[in-house]
$ cat my_file_9.cif   # mmCIF, C-alpha atoms; chains and numbers go by the auth columns
data_structure
loop_
_atom_site.group_PDB
_atom_site.id
_atom_site.type_symbol
_atom_site.label_atom_id
_atom_site.label_comp_id
_atom_site.label_asym_id
_atom_site.label_seq_id
_atom_site.Cartn_x
_atom_site.Cartn_y
_atom_site.Cartn_z
_atom_site.B_iso_or_equiv
_atom_site.auth_seq_id
_atom_site.auth_asym_id
ATOM 1 C CA MET A 1 29.645 -9.074 2.361 0.00 177 B
ATOM 2 C CA LYS A 2 26.399 -7.173 3.028 0.00 178 B
ATOM 3 C CA GLU A 3 25.444 -4.590 0.424 0.00 179 B
ATOM 4 C CA GLU A 4 25.410 -1.000 1.673 0.00 180 B
ATOM 5 C CA LEU A 5 21.910 0.445 1.954 0.00 181 B
ATOM 6 C CA VAL A 6 21.261 4.175 2.091 0.00 182 B
ATOM 7 C CA TYR A 7 17.978 5.883 2.869 0.00 183 B
ATOM 8 C CA VAL A 8 16.426 8.738 0.943 0.00 184 B
ATOM 9 C CA GLY A 9 13.710 10.670 2.762 0.00 185 B
ATOM 10 C CA VAL A 10 10.986 12.085 0.521 0.00 186 B
ATOM 11 C CA ASP A 11 8.431 14.537 1.885 0.00 187 B
ATOM 12 C CA ILE A 12 5.374 14.534 -0.370 0.00 188 B
ATOM 13 C CA ALA A 13 3.170 17.551 -1.013 0.00 189 B
ATOM 14 C CA LYS A 14 0.485 18.122 -3.625 0.00 190 B
ATOM 15 C CA ALA A 15 2.758 19.934 -6.076 0.00 191 B
ATOM 16 C CA TYR A 16 6.283 18.833 -5.169 0.00 192 B
ATOM 17 C CA LEU A 17 8.537 16.278 -3.519 0.00 193 B
ATOM 18 C CA ASP A 18 11.404 17.240 -1.216 0.00 194 B
ATOM 19 C CA ALA A 19 14.085 14.550 -1.144 0.00 195 B
ATOM 20 C CA ALA A 20 17.059 14.346 1.203 0.00 196 B
ATOM 21 C CA ILE A 21 20.033 12.068 1.648 0.00 197 B
ATOM 22 C CA GLY A 22 22.734 13.161 4.056 0.00 198 B
ATOM 23 C CA ASN A 23 23.279 16.884 3.467 0.00 199 B
ATOM 24 C CA GLU A 24 22.020 16.770 -0.112 0.00 200 B
ATOM 25 C CA LYS A 25 18.482 18.002 -0.715 0.00 201 B
ATOM 26 C CA ARG A 26 16.531 18.194 -3.957 0.00 202 B
ATOM 27 C CA ARG A 27 13.048 19.257 -4.971 0.00 203 B
ATOM 28 C CA PHE A 28 11.056 17.554 -7.729 0.00 204 B
ATOM 29 C CA ALA A 29 7.580 18.144 -9.108 0.00 205 B
ATOM 30 C CA ASN A 30 4.978 15.680 -7.859 0.00 206 B
ATOM 31 C CA ASP A 31 4.045 14.570 -11.356 0.00 207 B
ATOM 32 C CA THR A 32 5.202 11.958 -13.865 0.00 208 B
ATOM 33 C CA LEU A 33 8.223 13.985 -14.966 0.00 209 B
ATOM 34 C CA GLY A 34 9.251 14.743 -11.378 0.00 210 B
ATOM 35 C CA HIS A 35 8.904 11.068 -10.460 0.00 211 B
ATOM 36 C CA ARG A 36 11.171 10.094 -13.379 0.00 212 B
ATOM 37 C CA GLN A 37 13.722 12.721 -12.345 0.00 213 B
ATOM 38 C CA LEU A 38 13.685 11.471 -8.735 0.00 214 B
ATOM 39 C CA ILE A 39 14.084 7.854 -9.897 0.00 215 B
ATOM 40 C CA ASN A 40 16.985 8.811 -12.191 0.00 216 B
ATOM 41 C CA TRP A 41 18.660 10.704 -9.329 0.00 217 B
ATOM 42 C CA ILE A 42 18.254 7.697 -7.022 0.00 218 B
ATOM 43 C CA LYS A 43 19.543 5.247 -9.630 0.00 219 B
ATOM 44 C CA GLN A 44 22.739 7.304 -10.011 0.00 220 B
ATOM 45 C CA MET A 45 23.614 6.649 -6.372 0.00 221 B
ATOM 46 C CA PRO A 46 26.445 4.146 -5.914 0.00 222 B
ATOM 47 C CA ALA A 47 24.719 2.197 -3.115 0.00 223 B
ATOM 48 C CA SER A 48 21.394 0.394 -2.885 0.00 224 B
ATOM 49 C CA VAL A 49 18.657 2.872 -1.903 0.00 225 B
ATOM 50 C CA GLN A 50 15.464 2.627 0.128 0.00 226 B
ATOM 51 C CA VAL A 51 13.026 5.528 -0.126 0.00 227 B
ATOM 52 C CA ILE A 52 11.183 6.527 3.050 0.00 228 B
ATOM 53 C CA CYS A 53 8.002 8.602 2.868 0.00 229 B
ATOM 54 C CA GLU A 54 4.724 9.182 4.698 0.00 230 B
ATOM 55 C CA PRO A 55 1.184 8.846 3.369 0.00 231 B
ATOM 56 C CA SER A 56 -0.087 12.280 2.394 0.00 232 B
ATOM 57 C CA GLY A 57 -3.764 12.054 1.613 0.00 233 B
ATOM 58 C CA GLY A 58 -3.267 10.176 -1.645 0.00 234 B
ATOM 59 C CA TYR A 59 -0.614 12.486 -3.113 0.00 235 B
ATOM 60 C CA GLU A 60 1.898 9.674 -2.551 0.00 236 B
ATOM 61 C CA ARG A 61 0.121 6.983 -4.604 0.00 237 B
ATOM 62 C CA ALA A 62 1.510 7.762 -8.054 0.00 238 B
ATOM 63 C CA LEU A 63 5.032 8.132 -6.659 0.00 239 B
ATOM 64 C CA VAL A 64 4.838 4.817 -4.800 0.00 240 B
ATOM 65 C CA ARG A 65 3.623 3.054 -7.971 0.00 241 B
ATOM 66 C CA ALA A 66 6.433 4.648 -9.998 0.00 242 B
ATOM 67 C CA LEU A 67 9.101 3.627 -7.461 0.00 243 B
ATOM 68 C CA VAL A 68 7.815 0.044 -7.263 0.00 244 B
ATOM 69 C CA ALA A 69 7.643 -0.143 -11.085 0.00 245 B
ATOM 70 C CA ALA A 70 11.277 1.058 -11.197 0.00 246 B
ATOM 71 C CA GLN A 71 12.112 -1.780 -8.765 0.00 247 B
ATOM 72 C CA LEU A 72 13.241 0.568 -6.029 0.00 248 B
ATOM 73 C CA LYS A 73 12.700 -0.165 -2.361 0.00 249 B
ATOM 74 C CA ILE A 74 10.050 2.049 -0.802 0.00 250 B
ATOM 75 C CA SER A 75 8.656 2.321 2.727 0.00 251 B
ATOM 76 C CA LEU A 76 5.481 4.176 3.578 0.00 252 B
ATOM 77 C CA VAL A 77 5.679 4.940 7.302 0.00 253 B
ATOM 78 C CA PRO A 78 2.941 6.394 9.518 0.00 254 B
ATOM 79 C CA ALA A 79 3.373 10.117 10.113 0.00 255 B
ATOM 80 C CA ASN A 80 2.853 9.769 13.880 0.00 256 B
ATOM 81 C CA ARG A 81 5.823 7.355 14.130 0.00 257 B
ATOM 82 C CA VAL A 82 8.027 9.848 12.306 0.00 258 B
ATOM 83 C CA ARG A 83 6.815 12.731 14.523 0.00 259 B
ATOM 84 C CA GLN A 84 7.562 10.689 17.650 0.00 260 B
ATOM 85 C CA PHE A 85 11.001 9.836 16.266 0.00 261 B
ATOM 86 C CA ALA A 86 11.703 13.518 15.502 0.00 262 B
ATOM 87 C CA ARG A 87 10.565 14.568 18.969 0.00 263 B
ATOM 88 C CA ALA A 88 12.769 11.900 20.580 0.00 264 B
ATOM 89 C CA ALA A 89 15.699 13.153 18.488 0.00 265 B
ATOM 90 C CA GLY A 90 15.039 16.745 19.634 0.00 266 B
ATOM 91 C CA ILE A 91 13.958 17.955 16.176 0.00 267 B
ATOM 92 C CA LEU A 92 11.176 20.452 16.673 0.00 268 B
ATOM 93 C CA ALA A 93 11.337 22.482 13.445 0.00 269 B
ATOM 94 C CA LYS A 94 8.698 21.627 10.836 0.00 270 B
ATOM 95 C CA THR A 95 9.521 22.379 7.204 0.00 271 B
ATOM 96 C CA ASP A 96 9.190 20.139 4.159 0.00 272 B
ATOM 97 C CA ARG A 97 12.942 20.022 3.609 0.00 273 B
ATOM 98 C CA MET A 98 13.491 19.271 7.295 0.00 274 B
ATOM 99 C CA ASP A 99 10.811 16.559 7.095 0.00 275 B
ATOM 100 C CA ALA A 100 12.743 14.884 4.251 0.00 276 B
ATOM 101 C CA LYS A 101 15.884 14.838 6.429 0.00 277 B
ATOM 102 C CA VAL A 102 13.913 13.439 9.367 0.00 278 B
ATOM 103 C CA LEU A 103 12.478 10.712 7.120 0.00 279 B
ATOM 104 C CA CYS A 104 16.012 9.863 6.004 0.00 280 B
ATOM 105 C CA ALA A 105 17.187 9.634 9.643 0.00 281 B
ATOM 106 C CA PHE A 106 14.083 7.609 10.552 0.00 282 B
ATOM 107 C CA GLY A 107 14.934 5.097 7.807 0.00 283 B
ATOM 108 C CA GLU A 108 18.499 4.728 9.020 0.00 284 B
ATOM 109 C CA ALA A 109 17.440 4.229 12.633 0.00 285 B
ATOM 110 C CA MET A 110 14.287 2.140 12.205 0.00 286 B
ATOM 111 C CA GLN A 111 14.937 0.260 8.926 0.00 287 B
ATOM 112 C CA PRO A 112 11.237 -0.129 8.095 0.00 288 B
ATOM 113 C CA GLY A 113 9.867 -2.835 5.797 0.00 289 B
ATOM 114 C CA THR A 114 9.233 -2.129 2.140 0.00 290 B
ATOM 115 C CA ILE A 115 6.149 -2.165 -0.067 0.00 291 B
ATOM 116 C CA SER A 116 5.900 -4.989 -2.602 0.00 292 B
ATOM 117 C CA ALA A 117 4.240 -5.001 -6.012 0.00 293 B
ATOM 118 C CA SER A 118 1.663 -7.488 -4.688 0.00 294 B
ATOM 119 C CA GLN A 119 0.719 -5.067 -1.886 0.00 295 B
ATOM 120 C CA LEU A 120 0.111 -2.383 -4.522 0.00 296 B
ATOM 121 C CA GLU A 121 -2.039 -4.809 -6.536 0.00 297 B
ATOM 122 C CA GLN A 122 -4.114 -5.582 -3.445 0.00 298 B
ATOM 123 C CA GLU A 123 -4.483 -1.880 -2.634 0.00 299 B
ATOM 124 C CA HIS A 124 -5.662 -1.199 -6.186 0.00 300 B
ATOM 125 C CA LEU A 125 -8.171 -4.041 -5.920 0.00 301 B
ATOM 126 C CA ARG A 126 -9.457 -2.651 -2.586 0.00 302 B
ATOM 127 C CA GLU A 127 -9.930 0.756 -4.237 0.00 303 B
ATOM 128 C CA LEU A 128 -11.930 -0.811 -7.076 0.00 304 B
ATOM 129 C CA GLU A 129 -14.049 -2.798 -4.615 0.00 305 B
ATOM 130 C CA SER A 130 -14.676 0.356 -2.575 0.00 306 B
ATOM 131 C CA GLN A 131 -15.854 2.155 -5.709 0.00 307 B
ATOM 132 C CA ARG A 132 -18.152 -0.763 -6.553 0.00 308 B
ATOM 133 C CA ARG A 133 -19.706 -0.668 -3.049 0.00 309 B
ATOM 134 C CA HIS A 134 -20.206 3.095 -3.393 0.00 310 B
ATOM 135 C CA LEU A 135 -21.896 2.739 -6.794 0.00 311 B
ATOM 136 C CA THR A 136 -24.110 -0.094 -5.519 0.00 312 B
ATOM 137 C CA HIS A 137 -25.180 2.089 -2.592 0.00 313 B
ATOM 138 C CA LEU A 138 -25.981 4.953 -4.997 0.00 314 B
ATOM 139 C CA LEU A 139 -27.970 2.595 -7.212 0.00 315 B
ATOM 140 C CA VAL A 140 -30.138 1.423 -4.315 0.00 316 B
ATOM 141 C CA MET A 141 -30.702 5.027 -3.196 0.00 317 B
ATOM 142 C CA GLU A 142 -31.751 6.129 -6.686 0.00 318 B
ATOM 143 C CA GLN A 143 -34.006 3.105 -7.162 0.00 319 B
ATOM 144 C CA ASN A 144 -35.688 3.880 -3.838 0.00 320 B
ATOM 145 C CA ARG A 145 -36.121 7.535 -4.834 0.00 321 B
ATOM 146 C CA ALA A 146 -37.649 6.506 -8.186 0.00 322 B
ATOM 147 C CA VAL A 147 -40.611 4.914 -6.409 0.00 323 B
ATOM 148 C CA ARG A 148 -41.597 8.259 -4.869 0.00 324 B
ATOM 149 C CA MET A 149 -41.208 10.435 -7.998 0.00 325 B
ATOM 150 C CA SER A 150 -44.154 11.799 -9.928 0.00 326 B
ATOM 151 C CA ASP A 151 -42.722 14.458 -12.272 0.00 327 B
ATOM 152 C CA LEU A 152 -42.122 12.898 -15.715 0.00 328 B
ATOM 153 C CA TRP A 153 -38.886 14.820 -16.369 0.00 329 B
ATOM 154 C CA VAL A 154 -37.460 13.957 -12.994 0.00 330 B
ATOM 155 C CA CYS A 155 -38.393 10.287 -13.535 0.00 331 B
ATOM 156 C CA LYS A 156 -36.671 10.337 -16.924 0.00 332 B
ATOM 157 C CA LEU A 157 -33.532 11.898 -15.438 0.00 333 B
ATOM 158 C CA ASN A 158 -33.574 9.335 -12.639 0.00 334 B
ATOM 159 C CA ARG A 159 -33.835 6.421 -15.109 0.00 335 B
ATOM 160 C CA ARG A 160 -30.858 7.818 -17.034 0.00 336 B
ATOM 161 C CA LEU A 161 -28.862 8.114 -13.822 0.00 337 B
ATOM 162 C CA ILE A 162 -29.757 4.553 -12.808 0.00 338 B
ATOM 163 C CA THR A 163 -28.676 3.300 -16.248 0.00 339 B
ATOM 164 C CA GLN A 164 -25.392 5.203 -15.962 0.00 340 B
ATOM 165 C CA ILE A 165 -24.695 3.826 -12.476 0.00 341 B
ATOM 166 C CA LYS A 166 -25.370 0.271 -13.714 0.00 342 B
ATOM 167 C CA LYS A 167 -22.924 0.814 -16.605 0.00 343 B
ATOM 168 C CA GLN A 168 -20.283 2.084 -14.195 0.00 344 B
ATOM 169 C CA ILE A 169 -20.764 -0.969 -11.967 0.00 345 B
ATOM 170 C CA GLU A 170 -20.247 -3.184 -15.033 0.00 346 B
ATOM 171 C CA GLN A 171 -17.071 -1.248 -15.911 0.00 347 B
ATOM 172 C CA VAL A 172 -15.719 -1.597 -12.362 0.00 348 B
ATOM 173 C CA ASP A 173 -16.531 -5.341 -12.437 0.00 349 B
ATOM 174 C CA LEU A 174 -14.471 -5.652 -15.639 0.00 350 B
ATOM 175 C CA LEU A 175 -11.595 -3.717 -14.081 0.00 351 B
ATOM 176 C CA ILE A 176 -11.700 -5.973 -11.012 0.00 352 B
ATOM 177 C CA GLN A 177 -11.606 -9.104 -13.174 0.00 353 B
ATOM 178 C CA ARG A 178 -8.751 -7.650 -15.258 0.00 354 B
ATOM 179 C CA GLN A 179 -6.803 -6.795 -12.082 0.00 355 B
ATOM 180 C CA ILE A 180 -7.255 -10.334 -10.738 0.00 356 B
ATOM 181 C CA LYS A 181 -6.280 -11.986 -14.042 0.00 357 B
ATOM 182 C CA ALA A 182 -3.155 -9.813 -14.341 0.00 358 B
ATOM 183 C CA SER A 183 -1.881 -10.922 -10.929 0.00 359 B
ATOM 184 C CA ARG A 184 -0.710 -14.477 -10.221 0.00 360 B
ATOM 185 C CA GLU A 185 -1.203 -13.965 -6.494 0.00 361 B
ATOM 186 C CA LEU A 186 -4.733 -12.562 -6.824 0.00 362 B
ATOM 187 C CA SER A 187 -5.694 -15.258 -9.363 0.00 363 B
ATOM 188 C CA ALA A 188 -4.511 -17.957 -6.957 0.00 364 B
ATOM 189 C CA LYS A 189 -6.532 -16.396 -4.118 0.00 365 B
ATOM 190 C CA GLN A 190 -9.655 -16.258 -6.290 0.00 366 B
ATOM 191 C CA LYS A 191 -9.338 -19.951 -7.194 0.00 367 B
ATOM 192 C CA SER A 192 -8.909 -21.092 -3.592 0.00 368 B
#

$ encode --input "my_file_9.cif" --output "structure tokens"
Amino acid sequence: MKEELVYVGVDIAKAYLDAAIGNEKRRFANDTLGHRQLINWIKQMPASVQVICEPSGGYERALVRALVAAQLKISLVPANRVRQFARAAGILAKTDRMDAKVLCAFGEAMQPGTISASQLEQEHLRELESQRRHLTHLLVMEQNRAVRMSDLWVCKLNRRLITQIKKQIEQVDLLIQRQIKASRELSAKQKS
């Protein structure tokens, strides 16, 4: 017999999370405590649960990590797909609590795929690599500027900045290596 799966829609804002399942709606803080409270609420449900939410400019990242760490199913669906779904369903109102209900209905109708721990690891690695590229670009810019400087104080400040950027690149390199070593999948990819 197939296990029953219910969908919880979670609308994510900077300060809070609006969650909905059926007619029940709850609001949680978008912080570590609020994430724990949401997870505890979900785990009290008698059926298996899949959380549906949209990306919201990065405000969703900590929640997604917390849900994956708690071994809950989570789907991050593009906002435009949800808007199109709402429009097709005749839902024109736009409030955070309504959005949570729409996300719940979207999950039930569309049954989107879930995010895995390995996808989160890869996303984290991409973020570290992006930071490394940014720092390398800054380093080249500052080294190029150093050639044109004549004021002794400005040159000294520039050398300090270059040293600091190099240290940060070394730190990011260590974090990248740590991330790869901590992941079987990423370690296997590095070896191949």

$ residues_around --input "my_file_9.cif" --residues "range 357-361 of chain B" --least-positions-apart "5" --cutoff "12 Å" --atoms "all atoms listed in the file" --output "PyMOL selection string"
chain B and resi 293-298+300-301+350-352+366-368

$ residues_around --input "my_file_9.cif" --residues "Pro231 in chain B" --least-positions-apart "4" --cutoff "7 Å" --atoms "only C-alpha atoms" --output "MDAnalysis selection string"
chainID B and resid 236 252 254

$ resolve_selection --input "my_file_9.cif" --expression "the PyMOL selection byres ((chain B and resi 258-267) around 7)" --output "MDAnalysis selection string"
chainID B and resid 254:257 268:269 278:279 282

$ resolve_selection --input "my_file_9.cif" --expression "the PyMOL selection byres ((chain B and resi 184) around 12)" --output "VMD selection string"
chain B and resid 181 to 183 185 to 187 193 to 202 214 to 215 217 to 219 221 223 to 229 248 to 251 275 to 284 287

$ closest_residue --input "my_file_9.cif" --among "B:Ala189, B:Ala238, B:Ile341, B:Gln247" --to "His211 in chain B" --atoms "only C-alpha atoms"
B:Ala238

$ atom_distance --input "my_file_9.cif" --atom1 "CA of Thr339 in chain B" --atom2 "CA of Arg324 in chain B"
17.9 Å

$ atom_distance --input "my_file_9.cif" --atom1 "CA of Ala245 in chain B" --atom2 "CA of Asn216 in chain B"
13.0 Å

$ closest_residue --input "my_file_9.cif" --among "B:Gln220, B:Gln319, B:Gln355, B:Ser363" --to "Arg335 in chain B" --atoms "all atoms listed in the file"
B:Gln319

$ residues_around --input "my_file_9.cif" --residues "Leu315 in chain B" --least-positions-apart "5" --cutoff "12 Å" --atoms "only C-alpha atoms" --output "mmCIF file with C-alpha atoms, in the frame of the given file"
data_model
loop_
_atom_site.group_PDB
_atom_site.id
_atom_site.type_symbol
_atom_site.label_atom_id
_atom_site.label_comp_id
_atom_site.auth_asym_id
_atom_site.auth_seq_id
_atom_site.Cartn_x
_atom_site.Cartn_y
_atom_site.Cartn_z
ATOM 1 C CA ARG B 308 -18.152 -0.763 -6.553
ATOM 2 C CA ARG B 309 -19.706 -0.668 -3.049
ATOM 3 C CA HIS B 310 -20.206 3.095 -3.393
ATOM 4 C CA ASN B 320 -35.688 3.880 -3.838
ATOM 5 C CA ARG B 321 -36.121 7.535 -4.834
ATOM 6 C CA ALA B 322 -37.649 6.506 -8.186
ATOM 7 C CA ASN B 334 -33.574 9.335 -12.639
ATOM 8 C CA ARG B 335 -33.835 6.421 -15.109
ATOM 9 C CA ARG B 336 -30.858 7.818 -17.034
ATOM 10 C CA LEU B 337 -28.862 8.114 -13.822
ATOM 11 C CA ILE B 338 -29.757 4.553 -12.808
ATOM 12 C CA THR B 339 -28.676 3.300 -16.248
ATOM 13 C CA GLN B 340 -25.392 5.203 -15.962
ATOM 14 C CA ILE B 341 -24.695 3.826 -12.476
ATOM 15 C CA LYS B 342 -25.370 0.271 -13.714
ATOM 16 C CA LYS B 343 -22.924 0.814 -16.605
ATOM 17 C CA GLN B 344 -20.283 2.084 -14.195
ATOM 18 C CA ILE B 345 -20.764 -0.969 -11.967
#

$ closest_residue --input "my_file_9.cif" --among "B:Ala364, B:Cys331, B:Val316, B:Leu311" --to "Gln347 in chain B" --atoms "only C-alpha atoms"
B:Leu311

$ atom_distance --input "my_file_9.cif" --atom1 "CA of Pro288 in chain B" --atom2 "CA of Val253 in chain B"
7.6 Å

$ residues_around --input "my_file_9.cif" --residues "Asp207 in chain B" --least-positions-apart "5" --cutoff "9 Å" --atoms "only C-alpha atoms" --output "CSV table (one decimal) with C-alpha atoms, keeping the file's coordinate frame"
chain,number,residue,atom,x,y,z
B,191,ALA,CA,2.8,19.9,-6.1
B,192,TYR,CA,6.3,18.8,-5.2
B,212,ARG,CA,11.2,10.1,-13.4
B,238,ALA,CA,1.5,7.8,-8.1
B,239,LEU,CA,5.0,8.1,-6.7

$ decode --input "my_file_9.cif" --residues "range 351-361 of chain B" --atoms "all heavy atoms" --output "JSON list (two decimals), in the first residue's frame"
[["chain", "number", "residue", "atom", "x", "y", "z"],
["B", 351, "LEU", "N", 38.11, 25.73, 2.78],
["B", 351, "LEU", "CA", 36.70, 25.39, 2.91],
["B", 351, "LEU", "C", 36.23, 24.51, 1.75],
["B", 351, "LEU", "O", 35.45, 23.57, 1.95],
["B", 351, "LEU", "CB", 35.84, 26.66, 2.98],
["B", 351, "LEU", "CG", 35.97, 27.48, 4.26],
["B", 351, "LEU", "CD1", 35.26, 28.82, 4.10],
["B", 351, "LEU", "CD2", 35.40, 26.72, 5.44],
["B", 352, "ILE", "N", 36.71, 24.80, 0.55],
["B", 352, "ILE", "CA", 36.36, 23.99, -0.62],
["B", 352, "ILE", "C", 36.87, 22.56, -0.42],
["B", 352, "ILE", "O", 36.14, 21.59, -0.63],
["B", 352, "ILE", "CB", 36.90, 24.61, -1.93],
["B", 352, "ILE", "CG1", 36.11, 25.88, -2.27],
["B", 352, "ILE", "CG2", 36.86, 23.61, -3.08],
["B", 352, "ILE", "CD1", 36.70, 26.70, -3.41],
["B", 353, "GLN", "N", 38.14, 22.43, -0.02],
["B", 353, "GLN", "CA", 38.70, 21.10, 0.19],
["B", 353, "GLN", "C", 37.96, 20.34, 1.29],
["B", 353, "GLN", "O", 37.68, 19.15, 1.18],
["B", 353, "GLN", "CB", 40.20, 21.19, 0.53],
["B", 353, "GLN", "CG", 41.05, 21.52, -0.67],
["B", 353, "GLN", "CD", 40.80, 20.59, -1.84],
["B", 353, "GLN", "OE1", 40.78, 19.38, -1.72],
["B", 353, "GLN", "NE2", 40.58, 21.18, -3.02],
["B", 354, "ARG", "N", 37.60, 21.05, 2.36],
["B", 354, "ARG", "CA", 36.84, 20.43, 3.46],
["B", 354, "ARG", "C", 35.47, 19.95, 2.98],
["B", 354, "ARG", "O", 35.02, 18.87, 3.33],
["B", 354, "ARG", "CB", 36.69, 21.44, 4.61],
["B", 354, "ARG", "CG", 36.69, 20.81, 5.97],
["B", 354, "ARG", "CD", 36.61, 21.85, 7.07],
["B", 354, "ARG", "NE", 37.89, 22.51, 7.24],
["B", 354, "ARG", "CZ", 38.05, 23.71, 7.73],
["B", 354, "ARG", "NH1", 37.00, 24.43, 8.10],
["B", 354, "ARG", "NH2", 39.24, 24.23, 7.88],
["B", 355, "GLN", "N", 34.82, 20.78, 2.17],
["B", 355, "GLN", "CA", 33.49, 20.44, 1.62],
["B", 355, "GLN", "C", 33.59, 19.19, 0.75],
["B", 355, "GLN", "O", 32.76, 18.29, 0.83],
["B", 355, "GLN", "CB", 32.94, 21.62, 0.81],
["B", 355, "GLN", "CG", 31.61, 21.36, 0.15],
["B", 355, "GLN", "CD", 30.46, 21.37, 1.13],
["B", 355, "GLN", "OE1", 30.55, 21.91, 2.20],
["B", 355, "GLN", "NE2", 29.37, 20.73, 0.75],
["B", 356, "ILE", "N", 34.63, 19.11, -0.08],
["B", 356, "ILE", "CA", 34.80, 17.96, -0.96],
["B", 356, "ILE", "C", 35.10, 16.70, -0.15],
["B", 356, "ILE", "O", 34.52, 15.64, -0.38],
["B", 356, "ILE", "CB", 35.90, 18.25, -2.01],
["B", 356, "ILE", "CG1", 35.41, 19.32, -2.99],
["B", 356, "ILE", "CG2", 36.31, 16.97, -2.75],
["B", 356, "ILE", "CD1", 36.48, 19.86, -3.92],
["B", 357, "LYS", "N", 35.98, 16.81, 0.84],
["B", 357, "LYS", "CA", 36.34, 15.65, 1.66],
["B", 357, "LYS", "C", 35.16, 15.13, 2.47],
["B", 357, "LYS", "O", 35.05, 13.94, 2.72],
["B", 357, "LYS", "CB", 37.50, 15.99, 2.60],
["B", 357, "LYS", "CG", 38.83, 16.05, 1.91],
["B", 357, "LYS", "CD", 39.93, 16.40, 2.89],
["B", 357, "LYS", "CE", 41.26, 16.58, 2.16],
["B", 357, "LYS", "NZ", 42.32, 17.03, 3.07],
["B", 358, "ALA", "N", 34.26, 16.02, 2.88],
["B", 358, "ALA", "CA", 33.12, 15.64, 3.71],
["B", 358, "ALA", "C", 32.02, 14.95, 2.91],
["B", 358, "ALA", "O", 31.12, 14.35, 3.49],
["B", 358, "ALA", "CB", 32.54, 16.88, 4.41],
["B", 359, "SER", "N", 32.10, 15.01, 1.60],
["B", 359, "SER", "CA", 31.06, 14.45, 0.74],
["B", 359, "SER", "C", 31.62, 13.29, -0.09],
["B", 359, "SER", "O", 32.56, 13.48, -0.86],
["B", 359, "SER", "CB", 30.51, 15.53, -0.19],
["B", 359, "SER", "OG", 29.76, 14.97, -1.23],
["B", 360, "ARG", "N", 31.01, 12.12, 0.05],
["B", 360, "ARG", "CA", 31.43, 10.97, -0.76],
["B", 360, "ARG", "C", 31.27, 11.27, -2.25],
["B", 360, "ARG", "O", 32.14, 10.96, -3.05],
["B", 360, "ARG", "CB", 30.60, 9.74, -0.40],
["B", 360, "ARG", "CG", 31.24, 8.93, 0.70],
["B", 360, "ARG", "CD", 30.52, 7.63, 0.86],
["B", 360, "ARG", "NE", 29.79, 7.74, 2.12],
["B", 360, "ARG", "CZ", 28.77, 7.00, 2.45],
["B", 360, "ARG", "NH1", 28.32, 6.09, 1.64],
["B", 360, "ARG", "NH2", 28.18, 7.17, 3.60],
["B", 361, "GLU", "N", 30.13, 11.86, -2.60],
["B", 361, "GLU", "CA", 29.84, 12.13, -4.01],
["B", 361, "GLU", "C", 30.84, 13.13, -4.60],
["B", 361, "GLU", "O", 31.36, 12.93, -5.69],
["B", 361, "GLU", "CB", 28.42, 12.68, -4.15],
["B", 361, "GLU", "CG", 27.95, 12.81, -5.57],
["B", 361, "GLU", "CD", 26.50, 13.25, -5.67],
["B", 361, "GLU", "OE1", 25.69, 12.85, -4.82],
["B", 361, "GLU", "OE2", 26.20, 14.00, -6.60]]
